[in-house]
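Text of input.tsv, listed as TSV, C-alpha atoms:
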chain	number	residue	atom	x	y	z
A	1	MET	CA	106.64	83.99	125.44
A	2	GLN	CA	103.31	82.81	124.09
A	3	THR	CA	102.07	84.10	120.77
A	4	PRO	CA	99.86	87.08	121.63
A	5	ILE	CA	96.19	87.23	120.82
A	6	VAL	CA	94.55	89.87	118.65
A	7	GLY	CA	92.98	91.63	121.63
A	8	GLU	CA	96.45	92.35	123.04
A	9	ILE	CA	97.75	94.17	119.95
A	10	MET	CA	94.66	95.73	118.36
A	11	THR	CA	94.04	99.48	118.22
A	12	SER	CA	90.96	100.88	119.92
A	13	PRO	CA	88.93	103.08	119.56
A	14	VAL	CA	88.72	102.92	115.78
A	15	ALA	CA	87.96	105.46	113.08
A	16	ARG	CA	84.75	104.37	111.38
A	17	ALA	CA	82.36	105.39	108.62
A	18	ARG	CA	78.68	104.84	107.94
A	19	PRO	CA	77.24	103.51	104.67
A	20	ASP	CA	76.04	106.99	103.69
A	21	THR	CA	79.36	108.75	104.39
A	22	PRO	CA	80.22	110.57	101.14
A	23	PHE	CA	83.48	110.29	99.23
A	24	GLU	CA	84.75	113.66	100.46
A	25	GLY	CA	83.94	112.74	104.06
A	26	LEU	CA	85.90	109.50	103.72
A	27	VAL	CA	88.93	111.34	102.37
A	28	ARG	CA	88.83	113.82	105.26
A	29	LEU	CA	88.40	111.01	107.79
A	30	LEU	CA	91.44	109.08	106.55
A	31	ARG	CA	93.59	112.22	106.48
A	32	ARG	CA	92.46	113.43	109.89
A	33	ARG	CA	93.05	110.08	111.58
A	34	GLY	CA	96.22	109.26	109.65
A	35	VAL	CA	94.97	105.82	108.57
A	36	SER	CA	94.77	104.06	105.22
A	37	GLY	CA	91.37	102.43	105.69
A	38	VAL	CA	88.27	102.41	107.87
A	39	PRO	CA	85.52	99.90	108.63
A	40	VAL	CA	81.97	100.79	107.60
A	41	LEU	CA	79.33	100.15	110.26
A	42	ASP	CA	75.58	99.70	110.15
A	43	PRO	CA	73.28	101.34	112.79
A	44	ASP	CA	74.05	98.46	115.21
A	45	ASP	CA	77.82	99.06	114.91
A	46	LYS	CA	78.27	95.83	113.00
A	47	VAL	CA	80.93	95.82	110.30
A	48	VAL	CA	79.45	95.67	106.79
A	49	GLY	CA	82.58	96.54	104.82
A	50	VAL	CA	85.92	98.33	104.71
A	51	VAL	CA	86.94	101.38	102.66
A	52	SER	CA	90.65	101.78	101.90
A	53	GLU	CA	92.76	104.40	100.16
A	54	LYS	CA	92.88	102.07	97.16
A	55	ASP	CA	89.09	102.02	96.99
A	56	LEU	CA	89.02	105.82	97.02
A	57	ALA	CA	91.74	106.06	94.37
A	58	ARG	CA	89.83	103.74	92.05
A	59	HIS	CA	86.68	105.84	92.30
A	60	ARG	CA	88.06	109.34	92.74
A	61	LYS	CA	86.49	110.56	89.50
A	62	ARG	CA	82.94	109.45	90.16
A	63	GLY	CA	82.88	109.64	93.98
A	64	GLY	CA	80.05	107.89	95.80
A	65	THR	CA	79.20	106.81	99.32
A	66	ALA	CA	80.95	104.35	101.59
A	67	ALA	CA	78.32	101.73	100.75
A	68	GLU	CA	79.20	102.07	97.07
A	69	LEU	CA	82.96	102.15	97.52
A	70	MET	CA	83.61	99.63	100.29
A	71	SER	CA	84.90	96.08	99.97
A	72	SER	CA	82.20	93.78	101.28
A	73	PRO	CA	81.63	91.49	103.07
A	74	ALA	CA	84.39	92.50	105.47
A	75	LEU	CA	86.94	90.05	106.79
A	76	THR	CA	86.97	90.23	110.59
A	77	VAL	CA	88.68	88.56	113.54
A	78	HIS	CA	87.81	88.09	117.19
A	79	PRO	CA	89.99	89.38	120.04
A	80	GLU	CA	90.75	85.90	121.41
A	81	GLN	CA	92.21	84.67	118.11
A	82	ARG	CA	96.00	84.31	117.85
A	83	ALA	CA	97.94	87.07	116.14
A	84	ALA	CA	99.45	84.38	113.90
A	85	ASP	CA	95.97	83.44	112.68
A	86	ALA	CA	95.22	87.07	111.82
A	87	ALA	CA	98.51	87.26	109.93
A	88	ARG	CA	97.57	84.26	107.81
A	89	VAL	CA	94.15	85.75	106.99
A	90	MET	CA	95.78	89.02	105.89
A	91	ASP	CA	98.34	87.19	103.79
A	92	ARG	CA	95.79	84.86	102.18
A	93	HIS	CA	93.36	87.64	101.26
A	94	ARG	CA	95.97	90.34	100.60
A	95	VAL	CA	94.52	92.90	102.99
A	96	ASN	CA	96.33	95.27	105.33
A	97	ARG	CA	93.82	95.50	108.17
A	98	LEU	CA	91.16	93.43	109.92
A	99	PRO	CA	88.34	94.85	112.03
A	100	VAL	CA	88.10	93.15	115.41
A	101	VAL	CA	84.56	92.28	116.50
A	102	ASP	CA	82.93	90.91	119.63
A	103	GLU	CA	80.65	87.88	119.92
A	104	GLU	CA	77.80	89.94	118.44
A	105	ASP	CA	79.94	91.10	115.51
A	106	ARG	CA	80.15	94.67	116.81
A	107	LEU	CA	83.35	96.60	116.16
A	108	ILE	CA	85.72	96.84	119.13
A	109	GLY	CA	89.09	97.45	117.48
A	110	ILE	CA	91.29	96.98	114.44
A	111	VAL	CA	94.54	95.11	113.80
A	112	THR	CA	96.87	96.13	110.98
A	113	ARG	CA	99.81	94.56	109.18
A	114	GLY	CA	102.04	97.01	111.06
A	115	ASP	CA	100.71	95.73	114.40
A	116	LEU	CA	101.58	92.19	113.38
A	117	LEU	CA	105.03	93.09	112.10
A	118	ARG	CA	105.89	94.53	115.49
A	119	VAL	CA	105.02	91.14	116.99
A	120	PHE	CA	106.83	88.92	114.50
A	121	LEU	CA	109.93	90.92	113.63
A	122	ARG	CA	112.22	89.56	116.37
A	123	THR	CA	115.92	88.88	116.22
A	124	ASP	CA	117.18	85.34	115.84
A	125	ALA	CA	118.96	85.70	119.18
A	126	ALA	CA	115.70	86.62	120.94
A	127	ILE	CA	113.92	83.65	119.38
A	128	ARG	CA	116.69	81.26	120.38
A	129	ALA	CA	116.75	82.61	123.94
A	130	ASP	CA	112.98	82.09	124.20
A	131	ILE	CA	113.22	78.48	123.02
A	132	GLU	CA	116.18	77.64	125.23
A	133	GLY	CA	114.78	79.46	128.23
A	134	ARG	CA	111.16	78.29	128.07
A	135	VAL	CA	110.41	75.50	125.59
A	136	LEU	CA	113.27	73.13	126.34
A	137	PRO	CA	113.39	73.30	130.16
A	138	GLY	CA	109.74	74.14	130.76
A	139	VAL	CA	107.97	71.90	128.27
A	140	LEU	CA	110.40	69.05	127.54
A	141	ARG	CA	112.45	69.21	130.76
A	142	VAL	CA	115.54	68.04	128.92
A	143	PRO	CA	118.98	68.59	130.48
A	144	GLU	CA	121.01	71.56	129.32
A	145	GLY	CA	122.87	70.80	126.10
A	146	ALA	CA	120.70	67.81	125.15
A	147	VAL	CA	119.06	69.78	122.34
A	148	ARG	CA	120.89	72.33	120.24
A	149	VAL	CA	118.92	75.28	118.87
A	150	ALA	CA	119.93	77.18	115.75
A	151	VAL	CA	117.91	80.06	114.33
A	152	ARG	CA	118.39	81.80	110.99
A	153	ASP	CA	115.90	84.36	109.71
A	154	GLY	CA	113.27	82.88	112.03
A	155	LEU	CA	113.82	79.31	110.81
A	156	VAL	CA	114.55	77.10	113.83
A	157	THR	CA	116.56	73.87	113.76
A	158	LEU	CA	116.22	71.55	116.75
A	159	ASP	CA	119.00	68.94	116.93
A	160	GLY	CA	119.53	66.48	119.77
A	161	ARG	CA	117.93	63.87	121.98
A	162	VAL	CA	114.65	63.93	123.87
A	163	PRO	CA	113.38	61.42	126.46
A	164	ALA	CA	110.54	59.94	124.38
A	165	THR	CA	109.32	59.81	120.79
A	166	ALA	CA	106.13	61.59	121.84
A	167	ASP	CA	108.27	64.57	122.90
A	168	VAL	CA	109.27	65.33	119.30
A	169	PRO	CA	105.91	66.68	118.07
A	170	VAL	CA	105.50	68.52	121.38
A	171	ALA	CA	108.84	70.26	120.88
A	172	VAL	CA	107.96	71.23	117.31
A	173	ARG	CA	104.50	72.49	118.26
A	174	GLU	CA	105.75	74.57	121.17
A	175	THR	CA	108.58	75.99	119.08
A	176	TRP	CA	106.04	77.12	116.47
A	177	ARG	CA	104.28	79.07	119.21
A	178	VAL	CA	107.30	81.25	119.90
A	179	ASP	CA	106.91	84.74	118.46
A	180	GLY	CA	108.93	85.26	115.29
A	181	VAL	CA	109.31	81.61	114.28
A	182	THR	CA	108.79	81.15	110.53
A	183	GLY	CA	109.65	77.46	110.24
A	184	VAL	CA	110.91	74.46	112.23
A	185	ILE	CA	113.37	71.76	111.16
A	186	SER	CA	113.37	68.77	113.50
A	187	ARG	CA	116.47	66.61	113.87
A	188	LEU	CA	115.32	65.34	117.22
A	189	ARG	CA	115.73	61.69	118.15
A	190	THR	CA	115.35	59.48	121.19
A	191	GLY	CA	117.58	57.01	123.00
A	192	GLY	CA	119.95	55.22	120.65
A	193	GLU	CA	118.11	56.31	117.53
A	194	PRO	CA	120.68	57.43	114.93
A	195	GLY	CA	120.64	61.04	113.78
A	196	ARG	CA	118.69	61.93	110.66
A	197	GLY	CA	119.33	64.41	107.94
A	198	GLY	CA	116.52	66.55	109.24
A	199	GLU	CA	112.80	66.73	108.76
A	200	ARG	CA	111.36	70.09	107.81
A	201	CYS	CA	107.91	70.60	109.19
A	202	PRO	CA	105.28	72.08	106.86
A	203	ALA	CA	105.65	75.84	106.83
A	204	ALA	CA	101.90	76.41	106.81
A	205	GLU	CA	102.01	78.70	109.81
A	206	ARG	CA	104.34	81.40	108.61
A	207	GLY	CA	104.18	84.97	109.86
A	208	PRO	CA	102.91	87.88	107.74
A	209	ALA	CA	104.33	88.37	104.29
A	210	GLY	CA	106.22	91.51	103.67

The structure given in the file should be rewritten as structure tokens.
Amino acid sequence: MQTPIVGEIMTSPVARARPDTPFEGLVRLLRRRGVSGVPVLDPDDKVVGVVSEKDLARHRKRGGTAAELMSSPALTVHPEQRAADAARVMDRHRVNRLPVVDEEDRLIGIVTRGDLLRVFLRTDAAIRADIEGRVLPGVLRVPEGAVRVAVRDGLVTLDGRVPATADVPVAVRETWRVDGVTGVISRLRTGGEPGRGGERCPAAERGPAG
């Protein structure tokens, strides 16, 4: 299973506001649509900001328009980007939603933390089955049993022998691409190379934080 792209998990159509939408209108919009935030669009449907429930709570006494309350500039993603990339943007900037825009920066959808959690919250057994069923035979073409796969809380340990040294980074990279993987420990070796204690690859590509 390849890591899905944003366009495959985004929600569309999207609730949206205009810069002149008043405070009361924003409250009604969020309640009616059952969402916790909406993008704010200019006359060309380009995203200029995002208004969230937190923004409304901070300004509930003085009110205002969407242009005055929104967080701007808005963080956005494109539909062809990987879901994992969107997860890292959300985690880094501590946001719960990202408007999805086309090549002209016009709104086409939205992806939320909940959308991403549904992608990344997989059982260890499902992750292991994916690696053993696709990565090892399809990418490395190693014989059954040559590489042992252990998964705990999304952290994968690869232990065994591969045909060539160049296969090690390939195995690690392809394992990272499996949905739900939060880290990879490589104990892979080639030929008569003695086993190592294990090399943990940088966990820079973790899934979304809880």

Query raised in the report: So how far away is atom CA of A:Asp105 from atom CA of A:Val47, in Å?
Result: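 These atoms are spaced 7.1 Å apart.
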
Requested in this report: Could you check which of A:Thr21, A:Thr76, A:Thr175, A:Thr157 is closest to A:Leu107, using all atoms listed in the file?
Outcome: A:Thr76

**Report entry** Residue with smallest distance to A:Leu116 - pool A:Val95, A:Val139, A:Val149, A:Ala84, counting all atoms listed in the file
**Finding:**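 Among the listed residues, A:Ala84 lies closest to A:Leu116.
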
Requested in this report: Return the single residue from A:Asp153, A:Asp85, A:Glu132, A:Asp20 that is closest to A:Gly183, with distances computed using only C-alpha atoms.
Outcome: A:Asp153

Requested in this report: Pick out the closest residue to A:Val35 from this set: A:Val184, A:Ala87, A:Leu69, A:Val51. Count all atoms listed in the file.
Outcome: A:Val51

Report summary line: Judged by only C-alpha atoms, the minimum distance to A:Val100 among A:His78, A:Thr65, A:Thr112, A:Ala129 is found for A:His78

Query raised in the report: So, counting only C-alpha atoms, which residue among A:Gly34, A:Gly154, A:Gly133, A:Gly180 is closest to A:Phe120?
Result: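 Of all the options, A:Gly180 lies closest to A:Phe120.
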
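Residue neighbourhood of A:Phe23, excluding near-sequence residues (fewer than 4 positions): Val27, Arg28, Leu56, His59, Arg60, Gly63, Gly64, Thr65, Ala66 and Leu69 of chain A, at 9 Å, using all atoms listed in the file.
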
Report task. Could you tell me how far atom CA of A:Leu75 lies from atom CA of A:Arg88, in Å and to one decimal? Result ->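 According to the coordinates, atom CA of A:Leu75 and atom CA of A:Arg88 are separated by 12.1 Å.
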
Query raised in the report: If you measure from atom CA of A:Arg161 to atom CA of A:Leu140, what distance in Å do you get, rounded to one decimal?
Result: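 Separating atom CA of A:Arg161 from atom CA of A:Leu140 is a distance of 10.7 Å.
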
Report task. Would you list the contacts of A:Arg97 as a count of residues only, taking every protein, DNA or RNA residue within 8 Å and counting all atoms listed in the file, but skipping same-chain residues closer than 2 positions in sequence? Result -> 8

Residue rebuild result stretch 141-152 of chain A, all heavy atoms as a CSV table (one decimal), in the frame of the given file:
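Result file is result26.csv:
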chain,number,residue,atom,x,y,z
A,141,ARG,N,111.6,69.5,129.6
A,141,ARG,CA,112.4,69.2,130.8
A,141,ARG,C,113.7,68.4,130.4
A,141,ARG,O,114.0,67.4,131.1
A,141,ARG,CB,111.6,68.5,131.8
A,141,ARG,CG,110.5,69.4,132.4
A,141,ARG,CD,109.6,68.6,133.4
A,141,ARG,NE,108.7,69.5,134.0
A,141,ARG,CZ,107.5,69.8,133.5
A,141,ARG,NH1,107.1,69.2,132.4
A,141,ARG,NH2,106.7,70.6,134.1
A,142,VAL,N,114.3,68.7,129.3
A,142,VAL,CA,115.5,68.0,128.9
A,142,VAL,C,116.7,68.7,129.6
A,142,VAL,O,116.7,69.9,129.9
A,142,VAL,CB,115.7,68.0,127.4
A,142,VAL,CG1,114.6,67.3,126.7
A,142,VAL,CG2,115.8,69.5,126.9
A,143,PRO,N,117.8,68.0,129.9
A,143,PRO,CA,119.0,68.6,130.5
A,143,PRO,C,119.7,69.6,129.5
A,143,PRO,O,119.5,69.5,128.3
A,143,PRO,CB,119.9,67.4,130.8
A,143,PRO,CG,119.4,66.3,129.8
A,143,PRO,CD,118.0,66.5,129.6
A,144,GLU,N,120.3,70.5,130.1
A,144,GLU,CA,121.0,71.6,129.3
A,144,GLU,C,122.0,70.9,128.4
A,144,GLU,O,122.8,70.0,128.7
A,144,GLU,CB,121.7,72.5,130.2
A,144,GLU,CG,122.4,73.7,129.5
A,144,GLU,CD,123.0,74.7,130.5
A,144,GLU,OE1,122.9,74.5,131.7
A,144,GLU,OE2,123.7,75.6,130.0
A,145,GLY,N,122.0,71.3,127.1
A,145,GLY,CA,122.9,70.8,126.1
A,145,GLY,C,122.3,69.6,125.4
A,145,GLY,O,123.0,69.2,124.4
A,146,ALA,N,121.2,69.0,125.8
A,146,ALA,CA,120.7,67.8,125.2
A,146,ALA,C,120.1,68.1,123.8
A,146,ALA,O,120.2,67.3,122.9
A,146,ALA,CB,119.6,67.2,126.0
A,147,VAL,N,119.6,69.3,123.6
A,147,VAL,CA,119.1,69.8,122.3
A,147,VAL,C,119.7,71.1,122.0
A,147,VAL,O,119.7,72.0,122.7
A,147,VAL,CB,117.5,70.0,122.4
A,147,VAL,CG1,117.0,70.5,121.1
A,147,VAL,CG2,116.8,68.7,122.7
A,148,ARG,N,120.3,71.1,120.7
A,148,ARG,CA,120.9,72.3,120.2
A,148,ARG,C,119.9,73.1,119.4
A,148,ARG,O,119.1,72.5,118.6
A,148,ARG,CB,122.1,72.0,119.4
A,148,ARG,CG,123.2,71.4,120.2
A,148,ARG,CD,124.4,71.0,119.4
A,148,ARG,NE,124.1,69.9,118.4
A,148,ARG,CZ,124.0,68.6,118.7
A,148,ARG,NH1,124.2,68.3,120.0
A,148,ARG,NH2,123.7,67.7,117.8
A,149,VAL,N,119.9,74.4,119.6
A,149,VAL,CA,118.9,75.3,118.9
A,149,VAL,C,119.7,76.2,118.0
A,149,VAL,O,120.6,77.0,118.4
A,149,VAL,CB,118.1,76.1,119.9
A,149,VAL,CG1,117.1,77.0,119.1
A,149,VAL,CG2,117.3,75.2,120.8
A,150,ALA,N,119.3,76.2,116.7
A,150,ALA,CA,119.9,77.2,115.8
A,150,ALA,C,118.8,77.9,115.1
A,150,ALA,O,117.7,77.4,114.7
A,150,ALA,CB,120.8,76.5,114.7
A,151,VAL,N,119.0,79.2,114.9
A,151,VAL,CA,117.9,80.1,114.3
A,151,VAL,C,118.5,81.0,113.3
A,151,VAL,O,119.5,81.6,113.5
A,151,VAL,CB,117.2,81.0,115.4
A,151,VAL,CG1,116.0,81.7,114.7
A,151,VAL,CG2,116.8,80.1,116.6
A,152,ARG,N,117.9,80.9,112.1
A,152,ARG,CA,118.4,81.8,111.0
A,152,ARG,C,117.2,82.4,110.3
A,152,ARG,O,116.4,81.6,109.7
A,152,ARG,CB,119.3,81.0,110.0
A,152,ARG,CG,119.8,81.9,108.9
A,152,ARG,CD,120.8,81.2,108.1
A,152,ARG,NE,121.4,82.1,107.0
A,152,ARG,CZ,122.3,81.7,106.2
A,152,ARG,NH1,122.8,80.5,106.2
A,152,ARG,NH2,122.8,82.6,105.3
